[in-house]
$ cat my_file_39.cif   # mmCIF, C-alpha atoms and all ligand atoms
data_structure
loop_
_atom_site.label_atom_id
_atom_site.label_comp_id
_atom_site.auth_asym_id
_atom_site.auth_seq_id
_atom_site.Cartn_x
_atom_site.Cartn_y
_atom_site.Cartn_z
CA MET A 1 125.63 85.71 110.04
CA GLY A 2 125.72 87.62 106.75
CA SER A 3 128.45 88.96 104.48
CA PRO A 4 129.04 92.09 102.36
CA ALA A 5 128.11 90.15 99.19
CA SER A 6 124.79 88.94 100.68
CA GLY A 7 123.83 92.48 101.68
CA THR A 8 123.11 91.45 105.27
CA LEU A 9 125.45 92.08 108.17
CA PRO A 10 125.10 91.88 111.95
CA ASP A 11 124.91 95.22 113.84
CA THR A 12 128.53 95.07 114.99
CA GLN A 13 129.77 94.75 111.42
CA VAL A 14 127.43 97.46 110.06
CA ARG A 15 128.73 99.80 112.74
CA ALA A 16 132.38 98.90 112.08
CA MET A 17 131.81 99.50 108.37
CA PHE A 18 130.38 103.01 108.90
CA ASP A 19 133.13 103.80 111.44
CA ARG A 20 135.60 102.96 108.64
CA ILE A 21 133.97 104.85 105.77
CA ALA A 22 132.83 107.95 107.72
CA ARG A 23 135.62 110.10 106.23
CA VAL A 24 134.62 109.40 102.62
CA TYR A 25 130.85 108.98 103.16
CA ASP A 26 129.63 112.46 102.13
CA LEU A 27 131.93 112.64 99.11
CA MET A 28 130.87 109.16 97.94
CA ASN A 29 127.18 110.14 98.26
CA SER A 30 127.71 113.21 96.12
CA VAL A 31 129.69 111.29 93.49
CA MET A 32 127.27 108.33 93.38
CA THR A 33 124.13 110.48 93.10
CA ALA A 34 125.56 113.47 91.18
CA GLY A 35 124.55 115.64 94.15
CA MET A 36 120.85 114.69 93.90
CA HIS A 37 120.72 113.21 97.42
CA HIS A 38 120.12 116.67 98.92
CA ARG A 39 116.87 117.06 96.98
CA TRP A 40 115.67 113.60 98.10
CA ARG A 41 116.31 114.50 101.74
CA GLU A 42 114.36 117.76 101.27
CA ARG A 43 111.36 115.78 100.01
CA ALA A 44 111.58 113.38 102.94
CA ALA A 45 111.75 116.30 105.39
CA GLU A 46 108.67 117.88 103.77
CA LEU A 47 106.73 114.65 104.38
CA ALA A 48 107.66 114.76 108.09
CA ARG A 49 105.51 117.95 108.32
CA VAL A 50 107.54 119.57 111.09
CA GLY A 51 108.07 123.23 111.89
CA PRO A 52 108.80 125.56 114.78
CA GLY A 53 107.60 124.00 118.04
CA SER A 54 107.81 120.39 116.83
CA ARG A 55 110.26 117.77 118.03
CA ALA A 56 111.79 115.43 115.47
CA LEU A 57 114.10 112.42 115.63
CA ASP A 58 116.25 111.22 112.72
CA VAL A 59 117.49 107.68 113.34
CA ALA A 60 120.57 106.20 111.64
CA THR A 61 121.37 109.85 111.06
CA GLY A 62 124.98 109.22 109.97
CA THR A 63 126.64 112.49 109.01
CA GLY A 64 123.35 114.23 109.76
CA ASP A 65 122.05 115.67 106.49
CA LEU A 66 118.39 114.62 106.95
CA ALA A 67 118.40 115.80 110.59
CA ILE A 68 119.74 119.15 109.36
CA GLU A 69 116.92 119.36 106.76
CA LEU A 70 114.41 118.91 109.61
CA ALA A 71 116.20 121.55 111.72
CA ASN A 72 116.09 123.95 108.73
CA ARG A 73 112.29 123.77 109.02
CA GLY A 74 112.49 125.11 112.58
CA ALA A 75 112.00 121.83 114.47
CA GLU A 76 113.96 120.87 117.58
CA VAL A 77 115.91 117.87 116.27
CA THR A 78 117.74 114.86 117.67
CA GLY A 79 119.97 112.82 115.36
CA LEU A 80 120.79 109.29 116.57
CA ASP A 81 123.36 106.84 115.19
CA PHE A 82 125.54 104.07 116.60
CA SER A 83 128.69 105.17 114.74
CA GLU A 84 130.65 107.85 116.63
CA PRO A 85 132.89 108.75 113.64
CA MET A 86 129.74 109.45 111.54
CA LEU A 87 128.25 111.52 114.40
CA ASP A 88 131.49 113.49 114.79
CA LEU A 89 131.09 114.72 111.22
CA ALA A 90 127.44 115.61 111.92
CA ARG A 91 128.46 117.58 115.02
CA GLY A 92 130.87 119.61 112.93
CA LYS A 93 128.05 120.57 110.51
CA ALA A 94 125.33 121.56 113.00
CA PRO A 95 126.21 122.06 116.65
CA GLY A 96 122.56 123.13 117.33
CA VAL A 97 121.18 119.62 116.70
CA ASP A 98 121.23 117.15 119.60
CA TRP A 99 123.51 114.32 118.32
CA VAL A 100 123.12 111.10 120.29
CA GLN A 101 124.93 107.80 120.07
CA GLY A 102 122.43 104.93 120.29
CA ASN A 103 120.83 101.94 118.62
CA ALA A 104 117.79 102.51 116.40
CA LEU A 105 116.50 99.06 117.36
CA GLU A 106 116.35 100.05 121.04
CA LEU A 107 115.56 103.77 121.15
CA PRO A 108 116.30 105.47 124.48
CA TYR A 109 112.99 107.43 124.41
CA ARG A 110 109.52 107.13 125.91
CA ASP A 111 106.43 106.29 123.83
CA GLY A 112 105.14 109.22 121.79
CA GLU A 113 107.97 111.68 122.55
CA PHE A 114 108.36 112.98 118.98
CA ASP A 115 106.12 114.66 116.42
CA ALA A 116 108.03 112.97 113.60
CA VAL A 117 110.66 110.26 113.24
CA THR A 118 112.65 109.84 110.01
CA VAL A 119 115.30 107.52 108.60
CA GLY A 120 117.35 108.21 105.46
CA PHE A 121 119.21 105.37 103.73
CA GLY A 122 119.41 103.65 107.13
CA ALA A 123 116.47 101.20 107.26
CA ARG A 124 118.30 98.98 104.75
CA ASN A 125 121.07 98.61 107.31
CA PHE A 126 118.85 97.63 110.24
CA SER A 127 119.68 94.06 111.23
CA ASP A 128 115.96 93.69 112.08
CA LEU A 129 113.83 95.95 109.84
CA ASP A 130 110.47 95.26 111.54
CA ARG A 131 111.91 96.01 114.94
CA GLY A 132 113.47 99.26 113.70
CA LEU A 133 110.14 100.38 112.18
CA ARG A 134 108.22 99.44 115.35
CA GLU A 135 110.67 101.50 117.44
CA MET A 136 110.23 104.52 115.14
CA ALA A 137 106.42 104.23 115.44
CA ARG A 138 106.58 103.71 119.21
CA VAL A 139 108.39 106.99 119.97
CA THR A 140 106.12 109.01 117.61
CA ARG A 141 103.04 110.67 119.15
CA PRO A 142 99.51 109.81 117.95
CA GLY A 143 98.98 111.75 114.72
CA GLY A 144 102.76 112.13 114.29
CA ARG A 145 104.66 111.10 111.17
CA VAL A 146 107.15 108.36 110.31
CA VAL A 147 109.18 108.80 107.10
CA VAL A 148 111.52 106.30 105.43
CA LEU A 149 113.80 107.44 102.57
CA GLU A 150 115.52 104.54 100.83
CA ILE A 151 117.10 103.34 97.60
CA THR A 152 114.97 100.82 95.75
CA THR A 153 115.51 98.65 92.67
CA PRO A 154 113.83 100.11 89.56
CA GLN A 155 111.81 97.48 87.68
CA LYS A 156 111.46 99.01 84.19
CA PRO A 157 114.06 99.47 81.48
CA PRO A 158 116.00 101.55 80.59
CA LEU A 159 116.62 102.64 84.19
CA ALA A 160 116.71 99.05 85.43
CA TRP A 161 119.63 98.36 83.03
CA PHE A 162 121.46 101.56 83.94
CA PHE A 163 120.94 100.82 87.64
CA ARG A 164 122.38 97.32 87.28
CA VAL A 165 125.55 98.57 85.57
CA TRP A 166 125.92 101.53 87.92
CA PHE A 167 125.38 99.59 91.12
CA ASP A 168 127.00 96.29 90.21
CA ARG A 169 130.04 97.69 88.39
CA VAL A 170 130.60 101.39 88.98
CA VAL A 171 129.80 101.61 92.72
CA PRO A 172 132.09 98.69 93.74
CA ALA A 173 134.84 100.22 91.53
CA LEU A 174 134.38 103.58 93.28
CA GLY A 175 134.60 101.69 96.58
CA ARG A 176 137.96 100.24 95.56
CA VAL A 177 139.20 103.76 94.75
CA ALA A 178 137.84 105.02 98.10
CA GLY A 179 139.76 102.20 99.83
CA ASP A 180 136.78 100.14 101.06
CA PRO A 181 135.65 97.56 98.49
CA ASP A 182 133.62 95.58 101.07
CA ALA A 183 131.43 98.55 102.03
CA TYR A 184 130.62 99.37 98.43
CA THR A 185 129.94 95.71 97.58
CA TYR A 186 127.56 95.56 100.55
CA LEU A 187 125.69 98.67 99.31
CA PRO A 188 124.26 97.22 96.04
CA SER A 189 123.68 93.81 97.67
CA SER A 190 121.74 95.38 100.54
CA VAL A 191 119.56 97.31 98.06
CA ARG A 192 118.83 94.12 96.10
CA ARG A 193 117.67 92.18 99.12
CA PHE A 194 115.67 95.07 100.65
CA PRO A 195 111.85 94.89 100.28
CA GLY A 196 110.38 96.67 97.25
CA PRO A 197 108.07 99.69 97.73
CA ARG A 198 104.87 97.63 98.18
CA GLU A 199 106.46 95.25 100.70
CA LEU A 200 108.04 98.12 102.62
CA GLY A 201 104.61 99.82 102.71
CA ALA A 202 103.18 96.61 104.20
CA ALA A 203 106.01 96.57 106.77
CA LEU A 204 105.07 100.12 107.83
CA VAL A 205 101.45 99.01 108.27
CA GLY A 206 102.74 96.01 110.24
CA ALA A 207 104.62 98.45 112.50
CA GLY A 208 101.25 99.99 113.41
CA LEU A 209 101.12 102.98 111.04
CA GLU A 210 98.08 104.18 109.08
CA ASP A 211 97.65 106.30 105.96
CA VAL A 212 100.81 104.70 104.55
CA ARG A 213 101.88 106.09 101.16
CA TRP A 214 105.01 106.23 99.07
CA VAL A 215 106.43 108.27 96.25
CA LEU A 216 109.03 107.04 93.80
CA THR A 217 111.49 109.57 92.42
CA ALA A 218 114.73 109.69 90.43
CA GLY A 219 113.18 107.39 87.81
CA GLY A 220 112.14 104.82 90.42
CA ILE A 221 115.51 104.51 92.18
CA ILE A 222 114.40 106.36 95.33
CA ALA A 223 111.34 105.53 97.44
CA ILE A 224 110.01 107.82 100.17
CA HIS A 225 107.46 106.11 102.41
CA SER A 226 105.42 107.88 105.06
CA GLY A 227 102.69 107.03 107.53
CA SER A 228 100.96 108.37 110.62
CA VAL A 229 100.58 106.95 114.11
CA PRO A 230 96.87 106.27 114.76
CA GLY A 231 94.87 107.84 117.56
CA ALA A 232 95.25 111.61 117.08
C1 LIG B 301 123.90 104.80 104.72
S1 LIG B 301 124.11 105.64 106.25
C2 LIG B 301 122.85 106.88 106.18
C3 LIG B 301 123.20 108.12 106.93
C4 LIG B 301 122.24 109.29 106.79
N1 LIG B 301 120.94 108.99 107.35
C5 LIG B 301 122.10 109.78 105.36
O1 LIG B 301 120.98 110.05 104.96
O2 LIG B 301 123.11 109.93 104.70
C6 LIG B 301 123.45 104.50 107.40
C7 LIG B 301 123.70 104.86 108.85
O3 LIG B 301 122.90 104.01 109.66
C8 LIG B 301 123.60 103.76 110.86
N2 LIG B 301 122.95 102.60 111.47
C9 LIG B 301 122.69 101.40 110.91
N3 LIG B 301 122.03 100.61 111.77
C10 LIG B 301 121.87 101.34 112.91
C11 LIG B 301 121.26 101.07 114.17
N4 LIG B 301 120.70 99.88 114.44
N5 LIG B 301 121.28 102.04 115.11
C12 LIG B 301 121.86 103.25 114.86
N6 LIG B 301 122.46 103.55 113.69
C13 LIG B 301 122.46 102.61 112.73
C14 LIG B 301 125.04 103.60 110.41
O4 LIG B 301 125.96 103.79 111.46
C15 LIG B 301 125.14 104.70 109.33
O5 LIG B 301 125.61 105.91 109.87
#
$ encode --input "my_file_39.cif" --output "structure tokens" --more "lines below"
Ligand SMILES: C[S@@+](CC[C@H](N)C(=O)[O-])C[C@H]1O[C@@H](n2cnc3c(N)ncnc32)[C@H](O)[C@@H]1O
Amino acid sequence: MGSPASGTLPDTQVRAMFDRIARVYDLMNSVMTAGMHHRWRERAAELARVGPGSRALDVATGTGDLAIELANRGAEVTGLDFSEPMLDLARGKAPGVDWVQGNALELPYRDGEFDAVTVGFGARNFSDLDRGLREMARVTRPGGRVVVLEITTPQKPPLAWFFRVWFDRVVPALGRVAGDPDAYTYLPSSVRRFPGPRELGAALVGAGLEDVRWVLTAGGIIAIHSGSVPGA
């Protein structure tokens, strides 16, 4: 079943939550990360290795910032999300990207259609992580890239202490100010129960990817995993 405090919610509730917070989502991201989230998306887009002539898909695209990073590199981009209010904001930012409502766990695409498939801060919300990763790998062509950008729990002090105070106290308080305490209680809980970098790397291998690597940035708070589909 799941609850905000356990950090696990069924699809219908995840979707309802993002429908509700769409209006404040971008502002909350900027406040919570002091604007650094743009740089993290740039690094994820670099690892997708796309350019003019490539086709890229960004799943759980939300308000579209990672999809827009991919489009800035000249790729033809589709951004997919199940929350229409989030997609509406994305449409307003970049009418040139193909914004599609759909479920990342059941992608409406044929095998190998894309040169790269990315997800930014979305994998944590998949009700079935392995299925979501398998779907991303399935629609990527042999030799194509899968990239996962996610928050992770830093293990070493002093950042581990700072992270605990920030996520367990400050973020829920910001959520109360933003009018949605549940959503911003769910956020730290979902990060805590999400696999660490090594386990997530193993999950990418389990989804059929090779050459799986990850970089940690922002003092170990952000993990960017990437891998390639075999058979190029
Ligand atoms: C934290 S937001 C991330 C948005 C964006 N990728 C970013 O980098 O800011 C997570 C998004 O994942 C979407 N989402 C979660 N599970 C999904 C699924 N199974 N299919 C499609 N979208 C999903 C939510 O609607 C929400 O917009």
$ closest_residue --input "my_file_39.cif" --among "A:Asp182, A:Ala75, A:Gly175, A:Leu149" --to "A:Leu27" --atoms "only C-alpha atoms"
A:Gly175
$ residues_near_ligand --input "my_file_39.cif" --ligand "ligand LIG 301 (chain B)" --cutoff "7 Å" --atoms "only C-alpha atoms and all ligand atoms" --output "VMD selection string"
chain A and resid 11 14 to 15 18 59 to 66 80 to 83 86 102 to 105 119 to 122 125 to 127
$ closest_residue --input "my_file_39.cif" --among "A:Leu159, A:Pro188, A:Pro85, A:Met17" --to "A:Ala173" --atoms "only C-alpha atoms"
A:Pro188
$ atom_distance --input "my_file_39.cif" --atom1 "atom CA of A:Leu174" --atom2 "atom CA of A:Ala45"
28.6 Å
$ closest_atom_pairs --input "my_file_39.cif" --of "stretch 71-164 of chain A" --to "stretch 200-218 of chain A" --cutoff "9 Å" --atoms "all atoms listed in the file" --output "JSON lines"
{"residue": "A:Leu129", "atom": "CA", "partner": "A:Ala203", "partner_atom": "CA", "distance": 8.4}
{"residue": "A:Asp130", "atom": "CA", "partner": "A:Ala203", "partner_atom": "CA", "distance": 6.7}
{"residue": "A:Arg131", "atom": "CA", "partner": "A:Ala207", "partner_atom": "CA", "distance": 8.1}
{"residue": "A:Gly132", "atom": "CA", "partner": "A:Ala207", "partner_atom": "CA", "distance": 9.0}
{"residue": "A:Leu133", "atom": "CA", "partner": "A:Ala207", "partner_atom": "CA", "distance": 5.9}
{"residue": "A:Arg134", "atom": "CA", "partner": "A:Ala207", "partner_atom": "CA", "distance": 4.7}
{"residue": "A:Glu135", "atom": "CA", "partner": "A:Ala207", "partner_atom": "CA", "distance": 8.4}
{"residue": "A:Met136", "atom": "CA", "partner": "A:Ala207", "partner_atom": "CA", "distance": 8.7}
{"residue": "A:Ala137", "atom": "CA", "partner": "A:Ala207", "partner_atom": "CA", "distance": 6.7}
{"residue": "A:Arg138", "atom": "CA", "partner": "A:Gly208", "partner_atom": "CA", "distance": 8.7}
{"residue": "A:Arg145", "atom": "CA", "partner": "A:Leu209", "partner_atom": "CA", "distance": 8.9}
{"residue": "A:Val146", "atom": "CA", "partner": "A:Leu209", "partner_atom": "CA", "distance": 8.1}
{"residue": "A:Thr152", "atom": "CA", "partner": "A:Leu216", "partner_atom": "CA", "distance": 8.8}
$ residues_around --input "my_file_39.cif" --residues "stretch 3-7 of chain A" --least-positions-apart "6" --cutoff "12 Å" --atoms "all atoms listed in the file" --output "PyMOL selection string"
chain A and resi 13-14+17+124-127+168+172+180-194
$ closest_residue --input "my_file_39.cif" --among "A:Val97, A:Ala90, A:Val50, A:Val165" --to "A:Val117" --atoms "all atoms listed in the file"
A:Val50
$ closest_residue --input "my_file_39.cif" --among "A:Ala160, A:Pro154, A:Arg73, A:Arg141" --to "A:Gly220" --atoms "all atoms listed in the file"
A:Pro154
$ atom_distance --input "my_file_39.cif" --atom1 "atom CA of A:Val148" --atom2 "atom CA of A:Ile222"
10.5 Å
$ decode --input "my_file_39.cif" --residues "stretch 193-204 of chain A" --atoms "all heavy atoms" --output "mmCIF file, in the first residue's frame"
data_model
loop_
_atom_site.group_PDB
_atom_site.id
_atom_site.type_symbol
_atom_site.label_atom_id
_atom_site.label_comp_id
_atom_site.auth_asym_id
_atom_site.auth_seq_id
_atom_site.Cartn_x
_atom_site.Cartn_y
_atom_site.Cartn_z
ATOM 1 N N ARG A 193 14.681 5.221 1.400
ATOM 2 C CA ARG A 193 14.447 3.805 1.100
ATOM 3 C C ARG A 193 14.937 3.426 -0.307
ATOM 4 O O ARG A 193 14.922 2.259 -0.686
ATOM 5 C CB ARG A 193 12.968 3.433 1.253
ATOM 6 C CG ARG A 193 12.017 4.129 0.322
ATOM 7 C CD ARG A 193 11.165 3.209 -0.540
ATOM 8 N NE ARG A 193 10.425 4.015 -1.492
ATOM 9 C CZ ARG A 193 10.794 4.194 -2.744
ATOM 10 N NH1 ARG A 193 11.872 3.626 -3.217
ATOM 11 N NH2 ARG A 193 10.066 4.955 -3.550
ATOM 12 N N PHE A 194 15.411 4.410 -1.082
ATOM 13 C CA PHE A 194 15.879 4.119 -2.441
ATOM 14 C C PHE A 194 17.247 3.432 -2.380
ATOM 15 O O PHE A 194 18.056 3.732 -1.500
ATOM 16 C CB PHE A 194 15.983 5.443 -3.224
ATOM 17 C CG PHE A 194 16.116 5.260 -4.710
ATOM 18 C CD1 PHE A 194 15.058 4.745 -5.451
ATOM 19 C CD2 PHE A 194 17.291 5.593 -5.372
ATOM 20 C CE1 PHE A 194 15.171 4.561 -6.815
ATOM 21 C CE2 PHE A 194 17.412 5.415 -6.743
ATOM 22 C CZ PHE A 194 16.355 4.906 -7.465
ATOM 23 N N PRO A 195 17.551 2.499 -3.325
ATOM 24 C CA PRO A 195 18.848 1.831 -3.291
ATOM 25 C C PRO A 195 20.014 2.821 -3.362
ATOM 26 O O PRO A 195 19.912 3.846 -4.044
ATOM 27 C CB PRO A 195 18.849 0.961 -4.552
ATOM 28 C CG PRO A 195 17.459 0.957 -5.068
ATOM 29 C CD PRO A 195 16.693 2.045 -4.411
ATOM 30 N N GLY A 196 21.101 2.509 -2.658
ATOM 31 C CA GLY A 196 22.316 3.320 -2.741
ATOM 32 C C GLY A 196 22.964 3.154 -4.114
ATOM 33 O O GLY A 196 22.519 2.316 -4.913
ATOM 34 N N PRO A 197 24.037 3.927 -4.384
ATOM 35 C CA PRO A 197 24.647 3.910 -5.722
ATOM 36 C C PRO A 197 25.037 2.516 -6.214
ATOM 37 O O PRO A 197 24.791 2.166 -7.363
ATOM 38 C CB PRO A 197 25.879 4.795 -5.554
ATOM 39 C CG PRO A 197 25.534 5.713 -4.425
ATOM 40 C CD PRO A 197 24.647 4.944 -3.507
ATOM 41 N N ARG A 198 25.642 1.700 -5.330
ATOM 42 C CA ARG A 198 26.083 0.366 -5.772
ATOM 43 C C ARG A 198 24.878 -0.513 -6.140
ATOM 44 O O ARG A 198 24.860 -1.186 -7.165
ATOM 45 C CB ARG A 198 26.905 -0.283 -4.646
ATOM 46 C CG ARG A 198 27.577 -1.568 -5.036
ATOM 47 C CD ARG A 198 28.501 -2.037 -3.921
ATOM 48 N NE ARG A 198 29.573 -1.096 -3.651
ATOM 49 C CZ ARG A 198 30.688 -1.009 -4.367
ATOM 50 N NH1 ARG A 198 30.877 -1.815 -5.390
ATOM 51 N NH2 ARG A 198 31.610 -0.136 -4.071
ATOM 52 N N GLU A 199 23.844 -0.461 -5.291
ATOM 53 C CA GLU A 199 22.659 -1.298 -5.539
ATOM 54 C C GLU A 199 21.927 -0.830 -6.809
ATOM 55 O O GLU A 199 21.442 -1.631 -7.596
ATOM 56 C CB GLU A 199 21.670 -1.239 -4.367
ATOM 57 C CG GLU A 199 22.156 -1.887 -3.090
ATOM 58 C CD GLU A 199 23.170 -1.011 -2.353
ATOM 59 O OE1 GLU A 199 23.101 0.234 -2.477
ATOM 60 O OE2 GLU A 199 24.063 -1.565 -1.675
ATOM 61 N N LEU A 200 21.884 0.501 -6.992
ATOM 62 C CA LEU A 200 21.222 1.008 -8.202
ATOM 63 C C LEU A 200 22.010 0.587 -9.446
ATOM 64 O O LEU A 200 21.424 0.209 -10.472
ATOM 65 C CB LEU A 200 21.067 2.533 -8.150
ATOM 66 C CG LEU A 200 20.321 3.150 -9.336
ATOM 67 C CD1 LEU A 200 18.916 2.562 -9.510
ATOM 68 C CD2 LEU A 200 20.217 4.680 -9.191
ATOM 69 N N GLY A 201 23.359 0.609 -9.332
ATOM 70 C CA GLY A 201 24.199 0.129 -10.438
ATOM 71 C C GLY A 201 23.859 -1.326 -10.761
ATOM 72 O O GLY A 201 23.721 -1.700 -11.929
ATOM 73 N N ALA A 202 23.690 -2.141 -9.721
ATOM 74 C CA ALA A 202 23.357 -3.558 -9.932
ATOM 75 C C ALA A 202 21.979 -3.686 -10.592
ATOM 76 O O ALA A 202 21.755 -4.551 -11.445
ATOM 77 C CB ALA A 202 23.387 -4.301 -8.601
ATOM 78 N N ALA A 203 21.062 -2.785 -10.219
ATOM 79 C CA ALA A 203 19.717 -2.831 -10.817
ATOM 80 C C ALA A 203 19.789 -2.499 -12.315
ATOM 81 O O ALA A 203 19.063 -3.085 -13.134
ATOM 82 C CB ALA A 203 18.781 -1.875 -10.095
ATOM 83 N N LEU A 204 20.691 -1.577 -12.687
ATOM 84 C CA LEU A 204 20.857 -1.243 -14.109
ATOM 85 C C LEU A 204 21.425 -2.446 -14.872
ATOM 86 O O LEU A 204 20.995 -2.739 -15.990
ATOM 87 C CB LEU A 204 21.774 -0.034 -14.285
ATOM 88 C CG LEU A 204 21.167 1.329 -13.904
ATOM 89 C CD1 LEU A 204 22.226 2.416 -13.928
ATOM 90 C CD2 LEU A 204 20.058 1.719 -14.849
#
